[in-house]
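Chemist: Pasting data-v8.tsv below, which is TSV, C-alpha atoms.
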chain	number	residue	atom	x	y	z
I	1	SER	CA	0.00	0.00	0.00
I	2	PRO	CA	-0.84	2.45	-1.28
I	3	ALA	CA	-2.17	1.04	-4.52
I	4	GLY	CA	-1.25	2.77	-7.75
I	5	GLY	CA	-3.28	5.64	-9.09
I	6	GLY	CA	-4.49	9.20	-8.37
I	7	GLY	CA	-2.89	12.19	-6.73
I	8	GLN	CA	-5.04	12.44	-3.62
I	9	LEU	CA	-2.83	10.49	-1.21
I	10	ARG	CA	-1.91	12.53	1.88
I	11	PRO	CA	1.87	13.09	2.12
I	12	ASP	CA	1.94	11.73	5.68
I	13	SER	CA	0.59	8.36	4.51
I	14	PRO	CA	3.17	5.56	4.83
I	15	ILE	CA	4.35	3.22	2.10
I	16	ALA	CA	4.06	-0.38	3.29
I	17	VAL	CA	5.04	-3.74	1.75
I	18	GLN	CA	4.06	-7.08	3.31
I	19	ALA	CA	5.03	-10.63	2.34
I	20	TYR	CA	2.87	-13.71	3.08
I	21	ARG	CA	4.42	-17.22	3.28
I	22	GLY	CA	7.83	-15.77	2.47
I	23	SER	CA	10.24	-12.93	3.22
I	24	ILE	CA	11.09	-9.62	1.60
I	25	ALA	CA	14.36	-9.64	-0.30
I	26	ASN	CA	14.43	-6.07	-1.55
I	27	VAL	CA	12.35	-2.88	-1.61
I	28	THR	CA	13.22	0.15	-3.71
I	29	VAL	CA	11.17	3.35	-3.65
I	30	THR	CA	12.15	6.26	-5.84
I	31	SER	CA	10.85	9.71	-6.67
I	32	GLY	CA	12.28	12.67	-8.51
I	33	ARG	CA	14.37	13.45	-5.42
I	34	GLY	CA	16.05	10.07	-5.07
I	35	GLN	CA	15.47	6.93	-3.04
I	36	VAL	CA	13.16	6.70	-0.04
I	37	GLU	CA	14.53	5.33	3.22
I	38	GLY	CA	12.63	2.48	4.89
I	39	GLU	CA	12.95	-0.29	7.44
I	40	LEU	CA	12.22	-4.01	7.65
I	41	ASN	CA	10.89	-5.80	10.69
I	42	ALA	CA	12.96	-8.57	12.31
I	43	ASP	CA	11.52	-11.49	10.31
I	44	ARG	CA	11.63	-9.53	7.03
I	45	THR	CA	7.91	-9.80	6.36
I	46	ARG	CA	7.02	-6.09	6.58
I	47	TRP	CA	8.72	-2.98	5.19
I	48	ARG	CA	7.63	0.57	5.96
I	49	SER	CA	8.84	3.95	4.74
I	50	ARG	CA	10.81	5.85	7.36
I	51	TRP	CA	9.72	9.44	6.75
I	52	THR	CA	6.72	11.29	5.35
I	53	LEU	CA	6.46	11.80	1.59
I	54	GLU	CA	6.95	14.88	-0.56
I	55	PRO	CA	3.69	16.65	-1.45
I	56	GLY	CA	2.83	16.59	-5.15
I	57	ALA	CA	5.47	13.96	-5.97
I	58	THR	CA	5.26	10.73	-7.99
I	59	TYR	CA	6.66	7.57	-6.40
I	60	THR	CA	7.58	4.23	-7.93
I	61	VAL	CA	7.75	1.17	-5.67
I	62	GLY	CA	9.45	-2.09	-6.57
I	63	ALA	CA	9.52	-5.05	-4.16
I	64	THR	CA	10.85	-8.60	-4.41
I	65	ALA	CA	9.97	-11.44	-2.04
I	66	VAL	CA	11.28	-15.00	-1.70
I	67	GLY	CA	8.73	-17.76	-1.04
I	68	GLU	CA	9.09	-20.87	1.08
I	69	ALA	CA	10.07	-22.93	-1.96
I	70	GLY	CA	12.72	-20.42	-2.99
I	71	ARG	CA	10.68	-18.86	-5.76
I	72	THR	CA	10.78	-15.08	-6.14
I	73	GLU	CA	8.01	-12.66	-6.96
I	74	THR	CA	8.30	-9.00	-7.84
I	75	VAL	CA	5.54	-6.39	-7.60
I	76	SER	CA	5.45	-2.71	-8.43
I	77	SER	CA	3.27	0.32	-7.77
I	78	ARG	CA	3.21	3.92	-8.91
I	79	PHE	CA	1.30	6.75	-7.22
I	80	THR	CA	1.29	10.51	-6.67
I	81	THR	CA	0.84	12.41	-3.41
I	82	ALA	CA	-1.53	15.35	-3.05
I	83	LYS	CA	-0.27	18.91	-3.29
I	84	VAL	CA	-0.55	21.17	-0.24
I	85	THR	CA	-1.32	24.89	-0.11
I	86	LYS	CA	-0.33	25.78	3.48
I	87	THR	CA	3.19	25.12	4.70
I	88	ASN	CA	5.06	25.73	7.93
I	89	LYS	CA	8.42	27.38	7.38
I	90	VAL	CA	11.33	26.76	9.75
I	91	THR	CA	14.31	28.81	10.87
I	92	ILE	CA	17.23	26.97	12.44
I	93	GLU	CA	18.69	29.49	14.88
I	94	ALA	CA	21.58	27.24	15.84
I	95	PRO	CA	23.82	25.76	14.75
I	96	TYR	CA	24.61	26.99	11.25
I	97	ASP	CA	25.58	24.55	8.54
I	98	LYS	CA	29.32	23.79	8.60
I	99	GLU	CA	29.73	25.76	11.85
I	100	THR	CA	32.26	24.82	14.52
I	101	VAL	CA	30.55	25.23	17.88
I	102	GLY	CA	31.01	24.87	21.63
I	103	VAL	CA	30.25	21.82	23.76
I	104	GLY	CA	27.01	23.29	25.11
I	105	ILE	CA	25.44	24.01	21.71
I	106	PRO	CA	21.70	23.35	21.37
I	107	ILE	CA	19.78	22.74	18.15
I	108	ILE	CA	17.10	25.45	18.00
I	109	MET	CA	14.17	25.37	15.57
I	110	GLN	CA	11.65	28.17	15.12
I	111	PHE	CA	8.38	27.53	13.24
I	112	ASP	CA	6.48	30.16	11.31
I	113	ARG	CA	3.08	28.71	12.31
I	114	ALA	CA	1.96	27.09	15.55
I	115	VAL	CA	2.63	23.34	15.69
I	116	GLN	CA	-0.42	21.38	16.82
I	117	ASP	CA	0.99	17.87	16.33
I	118	ARG	CA	4.26	18.08	18.24
I	119	LYS	CA	4.76	14.31	18.24
I	120	ALA	CA	4.62	14.11	14.46
I	121	VAL	CA	7.20	16.89	14.18
I	122	GLU	CA	9.49	15.42	16.82
I	123	GLN	CA	9.42	12.01	15.12
I	124	ALA	CA	10.72	13.67	11.96
I	125	LEU	CA	13.83	15.11	13.63
I	126	ASP	CA	16.99	13.02	13.25
I	127	VAL	CA	20.28	13.73	15.06
I	128	ARG	CA	23.27	11.52	14.28
I	129	ALA	CA	26.83	11.85	15.55
I	130	ASP	CA	30.11	9.98	15.37
I	131	LYS	CA	29.99	9.67	19.18
I	132	THR	CA	27.08	8.28	21.18
I	133	VAL	CA	25.34	11.02	23.14
I	134	GLU	CA	22.04	11.08	25.04
I	135	GLY	CA	19.77	14.04	24.33
I	136	ALA	CA	16.15	15.16	24.18
I	137	TRP	CA	13.88	17.69	22.52
I	138	HIS	CA	12.05	20.29	24.60
I	139	TRP	CA	9.18	22.50	23.45
I	140	PHE	CA	9.30	26.04	24.83
I	141	SER	CA	6.21	27.06	22.86
I	142	ASP	CA	4.14	25.80	19.94
I	143	LYS	CA	6.64	27.53	17.65
I	144	GLU	CA	9.99	26.62	19.24
I	145	VAL	CA	11.63	23.27	19.92
I	146	VAL	CA	15.18	22.79	21.20
I	147	PHE	CA	17.49	19.75	21.34
I	148	ARG	CA	19.94	19.56	24.22
I	149	THR	CA	22.29	16.80	25.29
I	150	ARG	CA	22.23	15.39	28.82
I	151	GLN	CA	25.90	16.18	29.32
I	152	TYR	CA	27.97	18.54	27.23
I	153	TRP	CA	28.88	17.29	23.77
I	154	PRO	CA	32.28	15.59	23.67
I	155	ALA	CA	34.83	17.87	22.04
I	156	HIS	CA	35.46	17.26	18.34
I	157	THR	CA	32.18	15.44	17.72
I	158	LYS	CA	30.84	15.53	14.16
I	159	VAL	CA	27.05	15.87	14.03
I	160	THR	CA	24.42	15.66	11.29
I	161	PHE	CA	20.95	17.03	11.95
I	162	GLN	CA	18.13	16.35	9.50
I	163	ALA	CA	14.56	17.59	9.84
I	164	HIS	CA	12.42	15.40	7.56
I	165	LEU	CA	9.52	17.84	7.69
I	166	SER	CA	8.31	17.84	4.10
I	167	GLY	CA	4.89	16.17	4.18
I	168	VAL	CA	4.60	16.21	7.99
I	169	ARG	CA	1.20	17.54	9.01
I	170	THR	CA	1.98	20.08	11.73
I	171	GLY	CA	-1.71	20.77	12.36
I	172	GLY	CA	-4.96	20.97	10.40
I	173	ASP	CA	-4.20	21.40	6.70
I	174	VAL	CA	-0.71	22.81	7.33
I	175	TYR	CA	2.32	20.69	6.35
I	176	GLY	CA	6.06	20.97	6.58
I	177	GLY	CA	7.22	22.81	3.49
I	178	LYS	CA	10.60	21.16	2.98
I	179	ASN	CA	13.37	19.13	4.60
I	180	TYR	CA	16.32	20.75	6.36
I	181	ALA	CA	19.86	19.50	6.94
I	182	VAL	CA	22.72	20.89	9.02
I	183	ASP	CA	26.19	19.41	9.46
I	184	PHE	CA	28.25	20.88	12.27
I	185	LYS	CA	31.32	20.11	14.33
I	186	VAL	CA	31.88	20.54	18.05
I	187	GLY	CA	35.25	22.18	18.45
I	188	ASP	CA	37.52	22.44	21.48
I	189	SER	CA	35.87	22.46	24.90
I	190	HIS	CA	35.76	26.05	26.23
I	191	ILE	CA	34.32	26.23	29.74
I	192	SER	CA	34.60	29.46	31.71
I	193	THR	CA	33.60	30.05	35.33
I	194	ALA	CA	33.08	33.64	36.45
I	195	GLY	CA	32.73	34.30	40.18
I	196	GLU	CA	30.64	37.31	41.17
I	197	ASP	CA	32.31	37.25	44.58
I	198	SER	CA	35.81	36.23	43.47
I	199	HIS	CA	36.00	38.91	40.74
I	200	LYS	CA	37.71	36.59	38.27
I	201	MET	CA	36.87	34.29	35.39
I	202	VAL	CA	38.78	31.06	34.91
I	203	VAL	CA	38.82	29.83	31.30
I	204	LYS	CA	39.55	26.17	30.61
I	205	VAL	CA	40.33	24.78	27.17
I	206	ASN	CA	39.86	21.02	26.84
I	207	GLY	CA	39.88	20.72	30.62
I	208	LYS	CA	43.10	22.66	31.20
I	209	LYS	CA	43.27	26.16	32.66
I	210	ALA	CA	44.13	28.56	29.84
I	211	ARG	CA	43.74	31.93	31.55
I	212	THR	CA	42.49	33.60	34.74
I	213	ILE	CA	40.88	36.93	33.91
I	214	PRO	CA	40.10	39.70	36.43
I	215	THR	CA	36.46	40.78	36.11
I	216	SER	CA	33.98	43.36	37.27
I	217	MET	CA	30.37	42.18	37.17
I	218	GLY	CA	26.92	43.59	38.00
I	219	ARG	CA	27.05	46.12	40.81
I	220	GLY	CA	23.77	44.86	42.30
I	221	GLY	CA	21.53	46.91	44.54
I	222	THR	CA	18.65	46.04	42.23
I	223	GLU	CA	17.86	42.99	40.10
I	224	LYS	CA	18.45	44.74	36.79
I	225	TYR	CA	22.06	45.51	37.76
I	226	THR	CA	22.76	41.96	38.97
I	227	THR	CA	24.55	39.47	36.69
I	228	THR	CA	22.43	36.33	36.28
I	229	ASN	CA	23.67	33.21	38.05
I	230	GLY	CA	24.02	29.84	36.34
I	231	VAL	CA	25.06	28.19	33.09
I	232	HIS	CA	25.13	30.58	30.13
I	233	LEU	CA	26.11	29.83	26.55
I	234	THR	CA	27.88	32.18	24.19
I	235	MET	CA	25.29	33.24	21.61
I	236	ALA	CA	27.02	35.71	19.31
I	237	LYS	CA	30.10	37.86	18.84
I	238	GLU	CA	29.73	41.58	18.15
I	239	ASP	CA	32.55	44.02	17.43
I	240	PRO	CA	31.57	46.72	17.99
I	241	THR	CA	28.12	46.88	19.55
I	242	VAL	CA	26.28	49.92	20.92
I	243	MET	CA	24.89	49.35	24.41
I	244	THR	CA	22.22	51.73	25.66
I	245	SER	CA	20.00	52.09	28.71
I	246	ASP	CA	16.86	51.46	26.62
I	247	TRP	CA	16.64	47.90	27.98
I	248	MET	CA	15.69	49.27	31.42
I	249	GLY	CA	13.26	51.86	30.08
I	250	VAL	CA	15.64	54.82	30.35
I	251	SER	CA	16.56	56.74	27.20
I	252	PRO	CA	20.27	57.48	26.74
I	253	GLY	CA	19.77	61.24	27.15
I	254	SER	CA	17.87	60.97	30.43
I	255	PRO	CA	19.32	61.00	33.98
I	256	GLY	CA	20.89	57.60	34.61
I	257	GLY	CA	20.86	56.80	30.89
I	258	TYR	CA	23.86	55.81	28.80
I	259	SER	CA	25.01	54.91	25.30
I	260	LEU	CA	28.35	53.15	24.92
I	261	THR	CA	30.18	51.73	21.93
I	262	VAL	CA	31.69	48.50	23.20
I	263	TYR	CA	34.30	46.33	21.50
I	264	LYS	CA	35.04	42.59	21.53
I	265	SER	CA	31.64	41.66	22.96
I	266	VAL	CA	30.45	38.08	23.41
I	267	ARG	CA	26.72	37.81	24.18
I	268	ILE	CA	25.72	35.31	26.88
I	269	SER	CA	22.01	36.08	27.46
I	270	GLU	CA	18.98	37.65	25.82
I	271	SER	CA	18.67	40.20	28.62
I	272	GLY	CA	21.75	42.06	27.42
I	273	GLU	CA	24.64	40.37	29.26
I	274	TYR	CA	27.99	40.20	27.52
I	275	VAL	CA	31.60	39.41	28.27
I	276	HIS	CA	33.22	42.49	26.78
I	277	SER	CA	36.09	44.94	26.76
I	278	ALA	CA	35.65	47.64	29.42
I	279	PRO	CA	38.70	49.91	29.62
I	280	TRP	CA	36.75	52.29	31.91
I	281	SER	CA	36.50	49.69	34.70
I	282	VAL	CA	40.00	48.18	34.58
I	283	GLY	CA	40.75	49.70	37.98
I	284	SER	CA	37.85	47.73	39.51
I	285	GLN	CA	38.42	44.48	37.64
I	286	GLY	CA	39.59	41.83	40.06
I	287	SER	CA	38.33	43.69	43.14
I	288	ALA	CA	34.85	45.24	42.77
I	289	ASN	CA	31.62	44.90	40.80
I	290	VAL	CA	30.62	48.12	39.04
I	291	SER	CA	28.87	47.10	35.80
I	292	HIS	CA	25.19	47.17	34.83
I	293	GLY	CA	25.26	43.34	34.68
I	294	CYS	CA	27.83	42.49	32.03
I	295	ILE	CA	31.14	40.80	32.72
I	296	ASN	CA	33.73	43.56	32.25
I	297	ILE	CA	37.25	42.53	31.32
I	298	SER	CA	40.32	44.42	30.07
I	299	PRO	CA	40.81	45.15	26.35
I	300	SER	CA	43.67	42.66	26.02
I	301	ASN	CA	41.75	39.88	27.79
I	302	ALA	CA	38.64	40.72	25.75
I	303	LYS	CA	40.60	40.42	22.50
I	304	TRP	CA	41.84	36.98	23.56
I	305	PHE	CA	38.43	35.76	24.76
I	306	TYR	CA	36.68	37.11	21.65
I	307	GLY	CA	39.11	35.25	19.41
I	308	LEU	CA	38.61	32.04	21.38
I	309	ALA	CA	34.80	32.09	21.58
I	310	GLN	CA	32.54	29.80	19.57
I	311	ARG	CA	28.74	29.85	19.72
I	312	GLY	CA	27.72	27.34	22.36
I	313	ASP	CA	30.72	27.74	24.66
I	314	VAL	CA	29.89	27.49	28.36
I	315	VAL	CA	30.13	30.50	30.69
I	316	THR	CA	28.98	29.66	34.22
I	317	VAL	CA	28.39	32.52	36.65
I	318	THR	CA	28.58	31.76	40.37
I	319	GLY	CA	27.93	33.76	43.53
I	320	SER	CA	24.97	35.81	42.27
I	321	ASP	CA	21.50	35.76	43.82
I	322	ARG	CA	19.69	36.30	40.49
I	323	GLU	CA	19.15	33.02	38.63
I	324	LEU	CA	19.31	32.87	34.85
I	325	ALA	CA	15.92	31.82	33.46
I	326	PRO	CA	16.00	28.78	31.11
I	327	ASP	CA	14.34	30.84	28.35
I	328	ASN	CA	16.66	33.84	28.77
I	329	GLY	CA	18.71	33.45	25.61
I	330	TRP	CA	20.22	29.97	25.61
I	331	GLY	CA	19.82	29.31	29.34
I	332	TYR	CA	18.71	25.75	28.58
I	333	TRP	CA	21.25	24.12	30.90
I	334	GLN	CA	19.44	25.72	33.84
I	335	LEU	CA	16.76	23.02	33.60
I	336	LYS	CA	17.41	19.74	35.38
I	337	TRP	CA	17.55	16.79	33.00
I	338	ASN	CA	14.27	15.19	34.12
I	339	ASP	CA	12.48	18.52	33.68
I	340	TRP	CA	14.06	18.92	30.27
I	341	VAL	CA	12.80	15.52	29.10
I	342	LYS	CA	9.29	16.32	30.33
I	343	GLY	CA	9.20	19.04	27.69
I	344	SER	CA	9.48	16.45	24.93
I	345	ALA	CA	6.25	15.60	23.09
I	346	LEU	CA	7.41	11.96	23.21
I	347	GLN	CA	8.30	12.21	26.91
I	348	ARG	CA	11.64	10.47	26.60
I	349	SER	CA	15.30	10.96	25.88
I	350	VAL	CA	16.98	9.51	22.84
I	351	THR	CA	20.47	8.44	21.83
I	352	THR	CA	22.34	9.65	18.79
I	353	ALA	CA	23.25	6.96	16.30
I	354	PRO	CA	26.45	7.05	14.25
I	355	ARG	CA	26.34	9.33	11.25
I	356	ALA	CA	25.02	7.47	8.20
I	357	ASP	CA	27.58	6.96	5.46
I	358	ALA	CA	26.63	5.99	1.91
I	359	ALA	CA	26.80	2.25	2.64
I	360	THR	CA	24.63	2.54	5.74
I	361	LEU	CA	22.06	4.68	3.96
I	362	SER	CA	21.89	2.21	1.07
I	363	ALA	CA	21.34	-0.63	3.52
I	364	GLN	CA	18.53	1.28	5.19
I	365	GLN	CA	16.92	1.96	1.86
I	366	GLN	CA	17.09	-1.74	1.11
I	367	GLY	CA	15.47	-2.58	4.45
I	368	ALA	CA	17.95	-2.52	7.33
I	369	GLN	CA	16.51	-3.39	10.72
I	370	ARG	CA	15.59	-0.75	13.27
I	371	PRO	CA	18.35	-0.29	15.88
I	372	ASP	CA	17.69	-1.55	19.38
I	373	LYS	CA	18.28	1.84	20.98
I	374	PRO	CA	16.17	4.85	19.96
I	375	ARG	CA	17.75	7.55	17.88
I	376	ALA	CA	17.40	11.24	18.42
I	377	ASP	CA	14.56	11.39	15.94
I	378	GLY	CA	11.82	10.19	18.25
I	379	ASP	CA	11.91	6.55	17.19
Taking this structure as input, can you express it in the form of structure tokens?
Modeler:
Amino acid sequence: SPAGGGGQLRPDSPIAVQAYRGSIANVTVTSGRGQVEGELNADRTRWRSRWTLEPGATYTVGATAVGEAGRTETVSSRFTTAKVTKTNKVTIEAPYDKETVGVGIPIIMQFDRAVQDRKAVEQALDVRADKTVEGAWHWFSDKEVVFRTRQYWPAHTKVTFQAHLSGVRTGGDVYGGKNYAVDFKVGDSHISTAGEDSHKMVVKVNGKKARTIPTSMGRGGTEKYTTTNGVHLTMAKEDPTVMTSDWMGVSPGSPGGYSLTVYKSVRISESGEYVHSAPWSVGSQGSANVSHGCINISPSNAKWFYGLAQRGDVVTVTGSDRELAPDNGWGYWQLKWNDWVKGSALQRSVTTAPRADAATLSAQQQGAQRPDKPRADGD
């Protein structure tokens, strides 16, 4: 199934082949975009397509089975899927394709339309790596889903992320518009710990101390001037960036307002916190907190840290009484693992499988068995 014919088949309908009194030897499904991946059951009597189908596409199915007496039989089918008019576009905020990232990097997907069937979407998301890592998806809203590992990624891991969303019904008559693919590499491990009370930031590269940097952090007295406590991730590098007092409702020209051009800035939260060059506070760095909430460091240290930083590096702030919210920028590591998994539509963690090479993919298309452990695609 399906039988051959018309163009009314829903794209999220599966292709299935079943053998009676025999076993399936081979299944090949092709469309204009190449072969379709599928999986056999353990006794090789049933084959099923792995992902949803392309809307408005024509498929040709060829299957061969071997009977009990050793005789073979081949069947074929040809059909077309229905076209769709409403699609759900996706933006992948992180990581970028071919990007080298830090060990804390999440995979962040933003949908243009609200997702009603979160399970269907999550089942279409496939994360593979050349090292086995446990992770899970977490929905922060009906338009945002994030993948995070249980522990930090091992340094130098190669990862392939594929979102097989074309033909996935995200809700009502809205379908995924196309598939997405991102290959990225986890670079060196950069983990920094900045103490609000110690006035220093210790930067470790691959587990070894690389530099101890004097700092001046949020001066406190009120929450808005207090650096957030907890595990931050580096989100972006900006050189220069203009920082103003608009974020606290004070225009730059008003009493207590400011507008500063800041160099070598590494963003670590959505609420405006950076690790950045602050030549004006060098005298306080290492001894006192005088900033509006950022981590002030000297120009020379800022140049070094800026050059080192990758998106997804870890910057942990300690000693502050203002906790970083999990949805403040990339504060995802603030959630305990069990709470993170509860945000999955499938309510479970998954394990990355090795990256599929050409031979593996061909075997899957010819009916390789499902792995024992679940992959990070919701299986």
Chemist: Enclose the full set of atoms of range 92-107 of chain I listed in the file within a box whose edges lie along x, y and z, apply 4 Å of padding to each of the six sides, and report centre and edge lengths in Å to one decimal as lines of an AutoDock Vina configuration file.
Modeler:
center_x = 24.7
center_y = 25.7
center_z = 16.8
size_x = 23.0
size_y = 15.7
size_z = 24.6
Chemist: Which is closer to Val186 in chain I than all the others in I:Gly32, I:Pro95, I:Gly4, I:Gly329, using all atoms listed in the file?
Modeler: I:Pro95
Chemist: Could you check how far CA of Gly307 in chain I sits from CA of Asp239 in chain I, in Å to one decimal?
Modeler: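 CA of Gly307 in chain I sits 11.1 Å away from CA of Asp239 in chain I.
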Chemist: Here is a test: counting only C-alpha atoms, which residue of I:Val282, I:Ala82, I:Leu53, I:Val101 is nearest to Ala124 in chain I?
Modeler: I:Leu53
Chemist: So, with all atoms listed in the file as the atoms that count, which of I:Gly176, I:Gly312, I:Gly38, I:Pro11 lies closest to Val121 in chain I?
Modeler: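 Using all atoms listed in the file, the shortest distance to Val121 in chain I belongs to I:Gly176.
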Chemist: CA of Thr226 in chain I and CA of Ile191 in chain I are how many Å apart?
Modeler: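 These atoms are spaced 21.6 Å apart.
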Chemist: What does the distance between CA of Lys209 in chain I and CA of Cys294 in chain I come to in Å, to one decimal place?
Modeler: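 These atoms are spaced 22.5 Å apart.
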Chemist: Using all atoms listed in the file, can you list as number ranges by chain the residues within 9 Å of (10.5, 8.7, -5.6)?
Modeler: I: 29-36, 53-54, 57-61
Chemist: Check the smallest atom-to-atom distance from each of I:Thr72, I:Thr352, I:Asn26, I:Ser1 to Glu39 in chain I using only C-alpha atoms, then report the winner.
Modeler: I:Asn26
Chemist: Restricting the calculation to only C-alpha atoms, which member of I:Ala3, I:Leu308, I:Leu40, I:Ile295 is positioned closest to Ser189 in chain I?
Modeler: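 Among the listed residues, the smallest separation from Ser189 in chain I belongs to I:Leu308.
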Chemist: For range 271-278 of chain I, where the input has fewer atoms than it should, I would like all heavy atoms rebuilt and written as a short mmCIF file (atom, residue, chain, number, x, y, z; two decimals), in the coordinates of the input.
Modeler:
data_model
loop_
_atom_site.label_atom_id
_atom_site.label_comp_id
_atom_site.auth_asym_id
_atom_site.auth_seq_id
_atom_site.Cartn_x
_atom_site.Cartn_y
_atom_site.Cartn_z
N SER I 271 18.95 39.00 27.83
CA SER I 271 18.67 40.20 28.62
C SER I 271 19.82 41.20 28.59
O SER I 271 19.89 42.11 29.42
CB SER I 271 18.34 39.81 30.07
OG SER I 271 19.39 39.05 30.66
N GLY I 272 20.74 41.04 27.65
CA GLY I 272 21.75 42.06 27.42
C GLY I 272 23.07 41.85 28.13
O GLY I 272 23.85 42.80 28.26
N GLU I 273 23.36 40.64 28.58
CA GLU I 273 24.64 40.37 29.26
C GLU I 273 25.69 39.92 28.25
O GLU I 273 25.43 39.07 27.40
CB GLU I 273 24.45 39.31 30.33
CG GLU I 273 23.58 39.77 31.49
CD GLU I 273 23.16 38.62 32.39
OE1 GLU I 273 22.58 37.64 31.88
OE2 GLU I 273 23.40 38.70 33.59
N TYR I 274 26.87 40.52 28.38
CA TYR I 274 27.99 40.20 27.52
C TYR I 274 29.25 40.02 28.37
O TYR I 274 29.34 40.57 29.47
CB TYR I 274 28.28 41.34 26.54
CG TYR I 274 27.24 41.60 25.47
CD1 TYR I 274 26.08 42.31 25.76
CD2 TYR I 274 27.45 41.17 24.16
CE1 TYR I 274 25.14 42.57 24.77
CE2 TYR I 274 26.53 41.44 23.16
CZ TYR I 274 25.37 42.14 23.47
OH TYR I 274 24.45 42.41 22.50
N VAL I 275 30.21 39.30 27.81
CA VAL I 275 31.60 39.41 28.27
C VAL I 275 32.25 40.36 27.28
O VAL I 275 32.28 40.08 26.07
CB VAL I 275 32.30 38.03 28.25
CG1 VAL I 275 33.75 38.18 28.71
CG2 VAL I 275 31.56 37.03 29.12
N HIS I 276 32.75 41.51 27.76
CA HIS I 276 33.22 42.49 26.78
C HIS I 276 34.36 43.34 27.34
O HIS I 276 34.60 43.41 28.56
CB HIS I 276 32.07 43.39 26.32
CG HIS I 276 31.50 44.29 27.37
ND1 HIS I 276 32.11 45.46 27.77
CD2 HIS I 276 30.36 44.20 28.11
CE1 HIS I 276 31.38 46.05 28.68
NE2 HIS I 276 30.31 45.31 28.93
N SER I 277 35.01 44.02 26.42
CA SER I 277 36.09 44.94 26.76
C SER I 277 35.51 46.15 27.49
O SER I 277 34.55 46.77 27.04
CB SER I 277 36.81 45.40 25.49
OG SER I 277 37.73 46.41 25.77
N ALA I 278 36.12 46.50 28.64
CA ALA I 278 35.65 47.64 29.42
C ALA I 278 36.85 48.39 29.99
O ALA I 278 37.20 48.24 31.17
CB ALA I 278 34.74 47.18 30.55
#
